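Below is one structure, written out as structure tokens; comments come after it.
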Amino acid sequence: MTKVNELLEQFHKVAVSPEEQLKSYLSQGRKVVACVPVYTPEELIHSMNLVPFGAWGAEIEVREAKKYFPAFICSILQTTLEMGITGKYDGISAIVIPSLCDSLKCLGENWKYGVPNIPFIPMTYPQNRNNDNGRAFTKAGYLRVIDDLEKITGKKFSEAELAKSNKVYNLHNQAMRRLSDVLVEYPWISASQRNDIFKSAYYMTKEEHTTLVNQLMDLLLEMPKETSNMKKIITTGIIADSRDLLTIIGENDMQIVGDDIAHESRQYRTDVNESKDALEGLADKFSRMDNCSVLYDVDKKRGDYIAEMAKRTGADGVVVVMTKFCDPEEFDYPIMKKKFDAAGIPSVLIEVDMQMNNYEQARTALQTFKDMLN
Amino acid sequence: MSEEVIKKPKYVEDPNSAKSKLNKITSDHYSNLWMAKEKGEMIGWCASNFPQEIFETLGLTVCYPENQAAAIAARGAGEKMCLISEGDGYSNDICAYARVSLAYAKIKDAPEQNMPQPDYLLCCNNICNTMIKWYENLSVELNIPLVLIDIPFNPDYNPSKAEVEYVKNQFLEAIKQLEKITGKTWSDEKFKEVMEISNRTSRAWLKATNFTKNTPSPLNGFDLLNHMAVAVCARGKIEAAEAFELLAEEYEKAVQEGTSTFRAEEKHRLMFEGIACWPHLRVTATELKSRGINMVATIYADAFGFIYDDLDGLIEAYCNVPNAMNLEHARDKRVAIAKNTKAEALLVHTNRSCKLWSGFMYEMSRQIGEACEIPVASFDGDQADPRNFSEAQYATRVQALTEIMESNKGGK
Amino acid sequence: MKESYFLGIDIGSTTSKCILLNSQREIIGSSLVSAGTGTTGPQKAYEDILEKANLTAGDISFTVATGYGRIMFTEANDEMSELSCHAKGVHHIFPDVHTIIDIGGQDAKVISINDAGKVINFVMNDKCAAGTGRFLDVMATILQININDLEIHAREAVRPAKISSTCTVFAESEVISQLSSGENVNNIVAGICESVAGRVASLAKRVGIKEEICMSGGVAKNGGVRDAMSKSLGAKLQYSPKAQYMGALGAALFAYDKLNI
């Protein structure tokens, strides 16, 4: 038990102080590359002996970024730009920004002028992705990122190294998928602790993270499984890392038994097919990704996907964590809600942003939702 | 106050004028749709910047939800329609065109601007990714097929070879998909013809819009917002080419005769940035006119002028629409327009509906202001939701710009 | 046998309300103080109701707190969300009600309940204040009229003015420009009421309106908003003059249930 708590504490420390991790990598002489949501080809960066470092905003006040963004851009990108402008990313070699939503396109353009000391590397993905044409375009996008990284960092790319990194990332994906299922049996691990494990993955190399996650699971599996009276929920949205929100989930005796959060499990659903050439394989991976608001899906299967997840995990309800001003998620919501209602799965919408200092409305909504599930 | 001292000779409209012809093309566009629907033809709903050459060649009948939403908003029903979508769970933060359109797909009636329900959808995201989300939802709600040509935002100055290749392959694939959906067949010969007409229309449109460079301008820039509907919905039609050619001739004549459709003394020349604030069009236009400000420059006019020589050129043109360009390219285009038209100030519509257009506009407009040495002001508004605009805020900002323009002229 | 008492306290953003029940679930007292969470209001309302009933804290068998200040109120034995409490309170008074529209100072909520009075669905307003009591406060201040008189003005209106901004700051400027262009105050007030009603009505449509409909919360007292809401929804509304007490009543009923079920 002590060992489990030590591990949880370790994840927590990394999750809440990414700046320490950054300092530590930089002091070891490693070069670090910031990776902006929603999907960044971390494997490429990793394969060039660079440290990919997640940039998903932070709970800070937005001041400087207001010079660039109007108020109706989501707080994830507002605070990411704010951190860049205010020097929080100093020492980082470059930032990769994929243009999967309109606001991300704007972040890239603003970054060039707001944070001129950290070069912006664009990653352009296709939306008609699951065919040869789409895969070729993804590959061209990757080649461009590689080219920029080589120029900026002086590192060299090789297919052989990428094949190794693909393997590292596949192993990490598998560990994270398994983790989500294992945690269901150990309800005493809180929503905050679960998030610590997911969040810390962005600030550690994947080898380190996989090792820790596997250790945790091994220790847990030696312990007796527990059942509880907690209400089982699925979370869905872009990001759900607010300490306040997670605490409220815990206080209302809710256990997250699965998630469709972009910052969490959406990252880990698809593996690289290692039998393909490494770069082809990576492009092929993207082509098979799905069930996400920023990836074109004419069938809009996401609601069914979540309903299916709820059934599989025995969840009592779905908590939609809506990032304010996130167009793609706001468009998906009414369609998903219909699917949840049709499947008889209760759901609740909680609107969040990173500037929230008052979670009373979220508390009230979740408390009522709990009453509703009883 | 609004009655100006010097009255220009009044512009008289006759049925053979370009304006009448253009208006007729727009009204014919809608009546043809209903006729086609009655005949049992399939109707498509289409994104404004979807390569129209495809369906013109195939001989398909399509209409434009963006135009419809603008018309509904301009005629005062934006809020009513938005509330319907909001009642269905759509956030009031998403694009108001989409909210209007999703509401229309549900209730299927808007006296302000009706159009037939679609049998298929044509989407292109070179103006924004929001188009994809909007059309995905239409496709699911109406249970009809959707053809998407994905034209990504280009972070570099010009589209890469890989991008042109990617888009071209989709273009060819879209033809196949549409042949299957509608049963029509593609003809290379017809395609050539359509490309020719489209270029002719575009050239005439660009020529006509370029007359705002004259001082005074022979036209009120707001006229272009109306005529643009034709540039959007009838670019591949010979009548459109002819009407725009006539329009250019009229402007040429007006320059010689010293007349203008701007019915006030042109004291100041303004560049307007962004989609029109349709629900408050009259207020936004009158406020300018009453101060003798003519809108002589807007990127919007250029947005629908597609000039190219061959298929690759066509693809590049669609990759290079204003909202698919990086900041530097978008800025340079606007600086060129502002200089060409001798604009004396830049008024920016911070459009709540359009994250892409407004999301890096602060920086871009600063750079344009510096490059052209003109003052810049922005106001909050929306392309279709009347609730995001304040008349008082707008008036104050326009007044401030006017005062700067006046003092730049030595305190006239 | 000694009589048992059950107390519900609803601590909102601007008011504190208490309801006292006896062992027959009859309302035997109420109190209201116009000061909400973070003030001495809750304590005053609590003391006031005890004093009026001639009881001491020790006589109360169970106390449930609700509203924004529910967590901080230490005298309570338990706390419940105001949505559950409103549903419970309204169901007690109006058993046929299936939709509750509750507009408080900070929040607007629409609650859908089943025949047994259980919450089956609900929605709350987004971050914007345009559909809440706070919005009315701001507008009343600009117009320099007492918030309680809004209703009188609204009913005198001939042609409600159009106040459509979703942003409070913009709505403020809309009202000011209406005033300076000489628009009649009654028409402006009616326009403001319609604006709030319109915002909340579209929220209500999200959960689906099932009759009967009842308005609760402080804003329900305002007949202008009630009329406008009824118009927006095209349906009749139930309303109790005790609307403000529904949360406290529900809390008191929950307190009763805690010891009797």
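Please note that chains go A, B, ... in the order of the structure tokens, that every chain numbers its residues from 1, and that ligands are numbered from 1 in the order shown.
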
**Report entry** Residue neighbourhood B:Cys372, 9 Å, only C-alpha atoms, exclusion window fewer than 2 positions, as a PyMOL selection string
**Finding:** chain B and resi 335+338-339+343-345+367-370+374-375

Requested in this report: Name the residues in contact with stretch 265-275 of chain B at a cut-off of 8 Å, using only C-alpha atoms, excluding same-chain residues fewer than 5 positions from it; report them as a VMD selection string.
Outcome: chain B and resid 4 to 8 216 to 217 291 to 300 338 342 to 351 357 383 402 405

Query - atom CA of A:Tyr202 to atom CA of A:Glu19, straight-line distance in Å - result: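 Computed distance, atom CA of A:Glu19 to atom CA of A:Tyr202, equals 11.8 Å.
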
**Report entry** stretch 29-258 of chain C: residues DSSP assigns to strand (DSSP E or B), reported as a ChimeraX atom specification
**Finding:** /C:29-33,60-66,78-79,99-103,108-113,119-124,213-216,237-239

Selection above as a file: N, CA and C atoms, as an mmCIF file, in the first residue's frame:
```cif
data_model
loop_
_atom_site.group_PDB
_atom_site.id
_atom_site.type_symbol
_atom_site.label_atom_id
_atom_site.label_comp_id
_atom_site.auth_asym_id
_atom_site.auth_seq_id
_atom_site.Cartn_x
_atom_site.Cartn_y
_atom_site.Cartn_z
ATOM 1 N N GLY C 29 -43.587 27.399 10.057
ATOM 2 C CA GLY C 29 -42.874 28.672 10.159
ATOM 3 C C GLY C 29 -42.004 28.905 8.948
ATOM 4 N N SER C 30 -41.737 30.192 8.682
ATOM 5 C CA SER C 30 -40.823 30.522 7.599
ATOM 6 C C SER C 30 -40.090 31.808 7.954
ATOM 7 N N SER C 31 -38.938 32.001 7.354
ATOM 8 C CA SER C 31 -38.230 33.258 7.555
ATOM 9 C C SER C 31 -37.456 33.585 6.295
ATOM 10 N N LEU C 32 -37.221 34.867 6.109
ATOM 11 C CA LEU C 32 -36.477 35.299 4.930
ATOM 12 C C LEU C 32 -35.647 36.518 5.300
ATOM 13 N N VAL C 33 -34.363 36.469 4.980
ATOM 14 C CA VAL C 33 -33.497 37.617 5.224
ATOM 15 C C VAL C 33 -32.841 37.977 3.894
ATOM 16 N N ILE C 60 -34.604 20.989 17.088
ATOM 17 C CA ILE C 60 -34.720 20.580 15.682
ATOM 18 C C ILE C 60 -34.115 19.185 15.517
ATOM 19 N N SER C 61 -34.902 18.279 14.966
ATOM 20 C CA SER C 61 -34.427 16.903 14.817
ATOM 21 C C SER C 61 -33.412 16.770 13.700
ATOM 22 N N PHE C 62 -33.679 17.504 12.621
ATOM 23 C CA PHE C 62 -32.755 17.383 11.490
ATOM 24 C C PHE C 62 -32.828 18.651 10.644
ATOM 25 N N THR C 63 -31.671 19.094 10.188
ATOM 26 C CA THR C 63 -31.625 20.299 9.350
ATOM 27 C C THR C 63 -30.876 19.993 8.058
ATOM 28 N N VAL C 64 -31.479 20.390 6.936
ATOM 29 C CA VAL C 64 -30.807 20.241 5.645
ATOM 30 C C VAL C 64 -30.598 21.634 5.044
ATOM 31 N N ALA C 65 -29.356 21.885 4.580
ATOM 32 C CA ALA C 65 -29.055 23.168 3.945
ATOM 33 C C ALA C 65 -28.981 22.983 2.441
ATOM 34 N N THR C 66 -29.360 24.024 1.736
ATOM 35 C CA THR C 66 -29.253 24.001 0.277
ATOM 36 C C THR C 66 -28.889 25.401 -0.213
ATOM 37 N N ASP C 78 -27.012 17.970 7.120
ATOM 38 C CA ASP C 78 -26.690 17.464 5.779
ATOM 39 C C ASP C 78 -26.944 18.596 4.789
ATOM 40 N N GLU C 79 -26.433 18.406 3.571
ATOM 41 C CA GLU C 79 -26.711 19.414 2.543
ATOM 42 C C GLU C 79 -27.120 18.732 1.250
ATOM 43 N N THR C 99 -42.228 20.286 -14.951
ATOM 44 C CA THR C 99 -41.100 21.123 -15.349
ATOM 45 C C THR C 99 -41.002 22.315 -14.403
ATOM 46 N N ILE C 100 -39.822 22.517 -13.847
ATOM 47 C CA ILE C 100 -39.641 23.653 -12.950
ATOM 48 C C ILE C 100 -38.626 24.600 -13.564
ATOM 49 N N ILE C 101 -39.006 25.844 -13.630
ATOM 50 C CA ILE C 101 -38.071 26.857 -14.106
ATOM 51 C C ILE C 101 -37.701 27.710 -12.914
ATOM 52 N N ASP C 102 -36.448 27.626 -12.536
ATOM 53 C CA ASP C 102 -36.021 28.300 -11.322
ATOM 54 C C ASP C 102 -34.960 29.329 -11.679
ATOM 55 N N ILE C 103 -35.293 30.588 -11.528
ATOM 56 C CA ILE C 103 -34.308 31.624 -11.821
ATOM 57 C C ILE C 103 -33.898 32.299 -10.524
ATOM 58 N N ALA C 108 -29.786 30.222 -13.613
ATOM 59 C CA ALA C 108 -31.111 29.833 -14.067
ATOM 60 C C ALA C 108 -31.053 28.328 -14.263
ATOM 61 N N LYS C 109 -32.090 27.634 -13.829
ATOM 62 C CA LYS C 109 -32.103 26.180 -13.956
ATOM 63 C C LYS C 109 -33.471 25.748 -14.455
ATOM 64 N N VAL C 110 -33.452 24.703 -15.237
ATOM 65 C CA VAL C 110 -34.712 24.103 -15.644
ATOM 66 C C VAL C 110 -34.638 22.636 -15.247
ATOM 67 N N ILE C 111 -35.639 22.195 -14.489
ATOM 68 C CA ILE C 111 -35.601 20.855 -13.918
ATOM 69 C C ILE C 111 -36.814 20.079 -14.411
ATOM 70 N N SER C 112 -36.541 18.881 -14.863
ATOM 71 C CA SER C 112 -37.625 18.039 -15.330
ATOM 72 C C SER C 112 -37.832 16.946 -14.272
ATOM 73 N N ILE C 113 -39.070 16.783 -13.786
ATOM 74 C CA ILE C 113 -39.301 15.784 -12.736
ATOM 75 C C ILE C 113 -40.376 14.789 -13.148
ATOM 76 N N VAL C 119 -35.956 14.141 -9.753
ATOM 77 C CA VAL C 119 -35.317 14.839 -10.868
ATOM 78 C C VAL C 119 -34.919 13.824 -11.934
ATOM 79 N N ILE C 120 -35.380 14.016 -13.170
ATOM 80 C CA ILE C 120 -34.925 13.109 -14.220
ATOM 81 C C ILE C 120 -33.999 13.787 -15.226
ATOM 82 N N ASN C 121 -34.008 15.081 -15.240
ATOM 83 C CA ASN C 121 -33.117 15.802 -16.152
ATOM 84 C C ASN C 121 -33.068 17.257 -15.720
ATOM 85 N N PHE C 122 -31.991 17.944 -16.067
ATOM 86 C CA PHE C 122 -31.932 19.376 -15.754
ATOM 87 C C PHE C 122 -30.879 20.057 -16.605
ATOM 88 N N VAL C 123 -31.027 21.357 -16.773
ATOM 89 C CA VAL C 123 -29.975 22.164 -17.411
ATOM 90 C C VAL C 123 -29.794 23.443 -16.609
ATOM 91 N N MET C 124 -28.596 23.984 -16.706
ATOM 92 C CA MET C 124 -28.325 25.262 -16.037
ATOM 93 C C MET C 124 -27.784 26.245 -17.069
ATOM 94 N N ILE C 213 -46.041 23.406 -15.813
ATOM 95 C CA ILE C 213 -44.790 24.104 -15.604
ATOM 96 C C ILE C 213 -44.937 25.038 -14.416
ATOM 97 N N CYS C 214 -43.904 25.098 -13.617
ATOM 98 C CA CYS C 214 -43.963 25.978 -12.457
ATOM 99 C C CYS C 214 -42.708 26.819 -12.402
ATOM 100 N N MET C 215 -42.857 28.058 -12.016
ATOM 101 C CA MET C 215 -41.682 28.894 -11.805
ATOM 102 C C MET C 215 -41.396 29.011 -10.324
ATOM 103 N N SER C 216 -40.130 28.846 -9.981
ATOM 104 C CA SER C 216 -39.754 29.051 -8.584
ATOM 105 C C SER C 216 -38.524 29.947 -8.550
ATOM 106 N N LEU C 237 -48.245 28.950 -16.710
ATOM 107 C CA LEU C 237 -47.293 28.641 -15.648
ATOM 108 C C LEU C 237 -48.004 28.591 -14.299
ATOM 109 N N GLN C 238 -47.584 27.662 -13.469
ATOM 110 C CA GLN C 238 -48.022 27.644 -12.084
ATOM 111 C C GLN C 238 -47.082 28.552 -11.299
ATOM 112 N N TYR C 239 -47.614 29.149 -10.293
ATOM 113 C CA TYR C 239 -46.747 29.994 -9.490
ATOM 114 C C TYR C 239 -47.306 30.069 -8.086
#
```

Using only C-alpha atoms, find each residue of chain B with at least one atom at most 7 Å away from an atom of chain A; report its shortest atom-to-atom pair and that distance in Å (one decimal), sort the rows by chain and rising residue number, and return the result as JSON lines.
```
{"residue": "B:Asp88", "atom": "CA", "partner": "A:Pro334", "partner_atom": "CA", "distance": 6.7}
{"residue": "B:Gly89", "atom": "CA", "partner": "A:Pro334", "partner_atom": "CA", "distance": 5.2}
{"residue": "B:Tyr90", "atom": "CA", "partner": "A:Pro334", "partner_atom": "CA", "distance": 6.3}
{"residue": "B:Ser91", "atom": "CA", "partner": "A:Glu330", "partner_atom": "CA", "distance": 6.2}
{"residue": "B:Asp93", "atom": "CA", "partner": "A:Phe325", "partner_atom": "CA", "distance": 6.2}
{"residue": "B:Ile94", "atom": "CA", "partner": "A:Asp327", "partner_atom": "CA", "distance": 5.9}
{"residue": "B:Cys128", "atom": "CA", "partner": "A:Asp102", "partner_atom": "CA", "distance": 6.3}
{"residue": "B:Asn129", "atom": "CA", "partner": "A:Asp102", "partner_atom": "CA", "distance": 5.9}
{"residue": "B:Ile132", "atom": "CA", "partner": "A:Tyr296", "partner_atom": "CA", "distance": 7.0}
{"residue": "B:Lys133", "atom": "CA", "partner": "A:Phe331", "partner_atom": "CA", "distance": 6.2}
{"residue": "B:Glu136", "atom": "CA", "partner": "A:Val298", "partner_atom": "CA", "distance": 5.3}
{"residue": "B:Val140", "atom": "CA", "partner": "A:Asp299", "partner_atom": "CA", "distance": 6.8}
{"residue": "B:Asp150", "atom": "CA", "partner": "A:Gln127", "partner_atom": "CA", "distance": 6.1}
{"residue": "B:Pro155", "atom": "CA", "partner": "A:Pro122", "partner_atom": "CA", "distance": 6.5}
{"residue": "B:Ala162", "atom": "CA", "partner": "A:Phe137", "partner_atom": "CA", "distance": 6.3}
{"residue": "B:Glu163", "atom": "CA", "partner": "A:Phe137", "partner_atom": "CA", "distance": 7.0}
{"residue": "B:Tyr166", "atom": "CA", "partner": "A:Asn133", "partner_atom": "CA", "distance": 6.0}
{"residue": "B:Asn169", "atom": "CA", "partner": "A:Asn133", "partner_atom": "CA", "distance": 6.9}
{"residue": "B:Asn326", "atom": "CA", "partner": "A:Glu109", "partner_atom": "CA", "distance": 6.8}
{"residue": "B:Leu327", "atom": "CA", "partner": "A:Glu109", "partner_atom": "CA", "distance": 6.1}
{"residue": "B:Lys355", "atom": "CA", "partner": "A:Ser103", "partner_atom": "CA", "distance": 6.2}
{"residue": "B:Leu356", "atom": "CA", "partner": "A:Asp102", "partner_atom": "CA", "distance": 5.1}
{"residue": "B:Gly359", "atom": "CA", "partner": "A:Cys106", "partner_atom": "CA", "distance": 5.3}
{"residue": "B:Phe360", "atom": "CA", "partner": "A:Cys106", "partner_atom": "CA", "distance": 5.4}
{"residue": "B:Tyr362", "atom": "CA", "partner": "A:Tyr68", "partner_atom": "CA", "distance": 5.6}
{"residue": "B:Glu363", "atom": "CA", "partner": "A:Tyr68", "partner_atom": "CA", "distance": 6.0}
```

Requested in this report: Counting only C-alpha atoms, collect the residues of chain B whose closest atom lies at most 7 Å from chain C, and write them out as a list in words.
Outcome: Leu83, Glu86, Gly87, Asp88, Gly89, Arg387, Asn388, Ser390 and Ala392 of chain B

Would you save the residues of that selection, restricted to C-alpha atoms, as a short mmCIF file (atom, residue, chain, number, x, y, z; two decimals), in the first residue's frame?
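Ended up saving to selection-v3.cif:
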```cif
data_model
loop_
_atom_site.label_atom_id
_atom_site.label_comp_id
_atom_site.auth_asym_id
_atom_site.auth_seq_id
_atom_site.Cartn_x
_atom_site.Cartn_y
_atom_site.Cartn_z
CA LEU B 83 -33.00 30.40 -30.42
CA GLU B 86 -30.07 26.80 -28.83
CA GLY B 87 -33.23 25.06 -27.66
CA ASP B 88 -31.84 21.90 -29.25
CA GLY B 89 -28.68 22.13 -27.19
CA ARG B 387 -27.45 39.84 -29.83
CA ASN B 388 -23.70 40.33 -30.06
CA SER B 390 -23.91 47.28 -29.53
CA ALA B 392 -23.42 52.67 -29.12
#
```

Query raised in the report: chain A residues within 10 Å of chain C, counting only C-alpha atoms: which ones, as number ranges by chain?
Result: A: 324, 334, 346-352, 356, 360-374

**Report entry** DSSP-assigned helix (DSSP H, G or I) members of stretch 157-345 of chain A, reported as a ChimeraX atom specification
**Finding:** /A:159-184,191-203,206-222,243-251,265-268,278-288,302-313,327-342

Report summary line: Among A:Lys199, A:Val62, A:Leu220, A:Phe53, A:Lys3 is approached most closely, using only C-alpha atoms, by A:Leu220

Report task. For B:Ile404, work out the shell of residues within 10 Å, counting only C-alpha atoms and skipping chain neighbours fewer than 3 positions away, then give it as a list of chain:residue names. Result -> B:Glu344, B:Ala345, B:Ile374, B:Pro375, B:Val376, B:Val398, B:Gln399, B:Ala400, B:Leu401, B:Ser407, B:Asn408, B:Lys409, B:Gly410, B:Gly411

Would you output that residue set with N, CA and C atoms, as a PDB file, in the first residue's frame?
```pdb
ATOM      1  N   GLU B 344      -8.135  55.127 -45.863  1.00  0.00           N
ATOM      2  CA  GLU B 344      -7.546  56.018 -44.853  1.00  0.00           C
ATOM      3  C   GLU B 344      -7.713  55.496 -43.432  1.00  0.00           C
ATOM      4  N   ALA B 345      -8.459  54.407 -43.278  1.00  0.00           N
ATOM      5  CA  ALA B 345      -8.633  53.807 -41.958  1.00  0.00           C
ATOM      6  C   ALA B 345      -9.105  52.371 -42.150  1.00  0.00           C
ATOM      7  N   ILE B 374      -2.285  53.826 -41.335  1.00  0.00           N
ATOM      8  CA  ILE B 374      -3.683  54.246 -41.166  1.00  0.00           C
ATOM      9  C   ILE B 374      -4.176  53.790 -39.791  1.00  0.00           C
ATOM     10  N   PRO B 375      -5.138  54.519 -39.218  1.00  0.00           N
ATOM     11  CA  PRO B 375      -5.677  54.103 -37.917  1.00  0.00           C
ATOM     12  C   PRO B 375      -6.551  52.847 -38.052  1.00  0.00           C
ATOM     13  N   VAL B 376      -6.608  52.093 -36.970  1.00  0.00           N
ATOM     14  CA  VAL B 376      -7.363  50.842 -36.948  1.00  0.00           C
ATOM     15  C   VAL B 376      -8.305  50.851 -35.751  1.00  0.00           C
ATOM     16  N   VAL B 398     -16.565  54.368 -34.677  1.00  0.00           N
ATOM     17  CA  VAL B 398     -16.539  54.980 -36.004  1.00  0.00           C
ATOM     18  C   VAL B 398     -16.233  56.476 -35.867  1.00  0.00           C
ATOM     19  N   GLN B 399     -16.828  57.090 -34.854  1.00  0.00           N
ATOM     20  CA  GLN B 399     -16.581  58.510 -34.641  1.00  0.00           C
ATOM     21  C   GLN B 399     -15.099  58.758 -34.357  1.00  0.00           C
ATOM     22  N   ALA B 400     -14.522  57.919 -33.521  1.00  0.00           N
ATOM     23  CA  ALA B 400     -13.102  58.084 -33.187  1.00  0.00           C
ATOM     24  C   ALA B 400     -12.245  57.963 -34.444  1.00  0.00           C
ATOM     25  N   LEU B 401     -12.570  56.969 -35.281  1.00  0.00           N
ATOM     26  CA  LEU B 401     -11.809  56.809 -36.527  1.00  0.00           C
ATOM     27  C   LEU B 401     -11.938  58.049 -37.401  1.00  0.00           C
ATOM     28  N   SER B 407      -8.131  64.611 -38.587  1.00  0.00           N
ATOM     29  CA  SER B 407      -6.922  65.290 -38.124  1.00  0.00           C
ATOM     30  C   SER B 407      -5.728  64.928 -39.017  1.00  0.00           C
ATOM     31  N   ASN B 408      -5.749  63.692 -39.591  1.00  0.00           N
ATOM     32  CA  ASN B 408      -4.697  63.329 -40.541  1.00  0.00           C
ATOM     33  C   ASN B 408      -4.723  64.212 -41.783  1.00  0.00           C
ATOM     34  N   LYS B 409      -5.921  64.732 -42.086  1.00  0.00           N
ATOM     35  CA  LYS B 409      -6.036  65.598 -43.263  1.00  0.00           C
ATOM     36  C   LYS B 409      -5.810  67.053 -42.889  1.00  0.00           C
ATOM     37  N   GLY B 410      -5.323  67.259 -41.663  1.00  0.00           N
ATOM     38  CA  GLY B 410      -5.037  68.626 -41.247  1.00  0.00           C
ATOM     39  C   GLY B 410      -6.268  69.314 -40.693  1.00  0.00           C
ATOM     40  N   GLY B 411      -7.105  68.518 -40.016  1.00  0.00           N
ATOM     41  CA  GLY B 411      -8.239  69.092 -39.299  1.00  0.00           C
ATOM     42  C   GLY B 411      -9.214  69.837 -40.195  1.00  0.00           C
TER      43      GLY B 411
END
```

Report summary line: If you count only C-alpha atoms, the residue of C:Asp10, C:Asp115, C:Asp149, C:Asp257 closest to C:Arg70 turns out to be C:Asp10

Query raised in the report: Between C:Gly89, C:Pro160, C:Gly224, C:Gly104, which one has atoms that come closest to C:Ala251, using only C-alpha atoms?
Result: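 When distances to C:Ala251 are compared using only C-alpha atoms, the smallest one comes from C:Gly89.
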
Query - Pick from B:Leu102, B:Val147, B:Leu281, B:Ala243 nearest to B:Ile175, counting only C-alpha atoms - result: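 Under the stated criterion, the closest residue is B:Val147.
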
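With distances taken over only C-alpha atoms, A:Glu226 is the one residue among A:Glu264, A:Asp253, A:Glu226, A:Glu6 lying closest to A:Val184.
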
**Report entry** Residue nearest C:Gly247 among C:Gly234, C:Gly223, C:Gly218, C:Gly133 (counting only C-alpha atoms)
**Finding:**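 So, comparing all the options, the nearest one is C:Gly218.
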
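Separating atom CA of C:Asn260 from atom CA of C:Thr56 is a distance of 21.3 Å.
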
May I have the residues within 10 Å of C:Asn184 as a short mmCIF file (atom, residue, chain, number, x, y, z; two decimals) with N, CA and C atoms, in the first residue's frame, using only C-alpha atoms and disregarding those fewer than 3 positions away in the same chain?
```cif
data_model
loop_
_atom_site.label_atom_id
_atom_site.label_comp_id
_atom_site.auth_asym_id
_atom_site.auth_seq_id
_atom_site.Cartn_x
_atom_site.Cartn_y
_atom_site.Cartn_z
N HIS C 153 -44.16 48.00 -13.77
CA HIS C 153 -43.81 48.71 -15.01
C HIS C 153 -44.06 47.83 -16.23
N ALA C 157 -46.63 48.28 -19.89
CA ALA C 157 -46.02 48.48 -21.20
C ALA C 157 -47.03 48.35 -22.32
N VAL C 158 -46.87 49.19 -23.33
CA VAL C 158 -47.73 49.11 -24.50
C VAL C 158 -47.06 48.22 -25.55
N ARG C 159 -45.81 48.54 -25.83
CA ARG C 159 -45.08 47.78 -26.82
C ARG C 159 -43.68 47.51 -26.27
N PRO C 160 -43.43 46.29 -25.79
CA PRO C 160 -42.12 46.00 -25.17
C PRO C 160 -40.97 46.38 -26.10
N ALA C 161 -39.97 47.05 -25.55
CA ALA C 161 -38.80 47.41 -26.35
C ALA C 161 -37.98 46.16 -26.61
N GLN C 178 -31.77 53.19 -25.42
CA GLN C 178 -33.24 53.25 -25.52
C GLN C 178 -33.76 54.43 -24.70
N LEU C 179 -33.18 54.56 -23.49
CA LEU C 179 -33.60 55.65 -22.62
C LEU C 179 -33.31 56.99 -23.26
N SER C 181 -33.02 57.70 -26.29
CA SER C 181 -33.83 58.01 -27.47
C SER C 181 -35.30 58.20 -27.09
N ASN C 187 -41.96 50.20 -21.36
CA ASN C 187 -41.64 49.35 -22.50
C ASN C 187 -40.25 48.73 -22.36
N ILE C 188 -39.33 49.51 -21.82
CA ILE C 188 -37.98 48.98 -21.62
C ILE C 188 -37.99 47.85 -20.60
N VAL C 189 -38.70 48.07 -19.51
CA VAL C 189 -38.77 47.03 -18.47
C VAL C 189 -39.37 45.75 -19.05
#
```
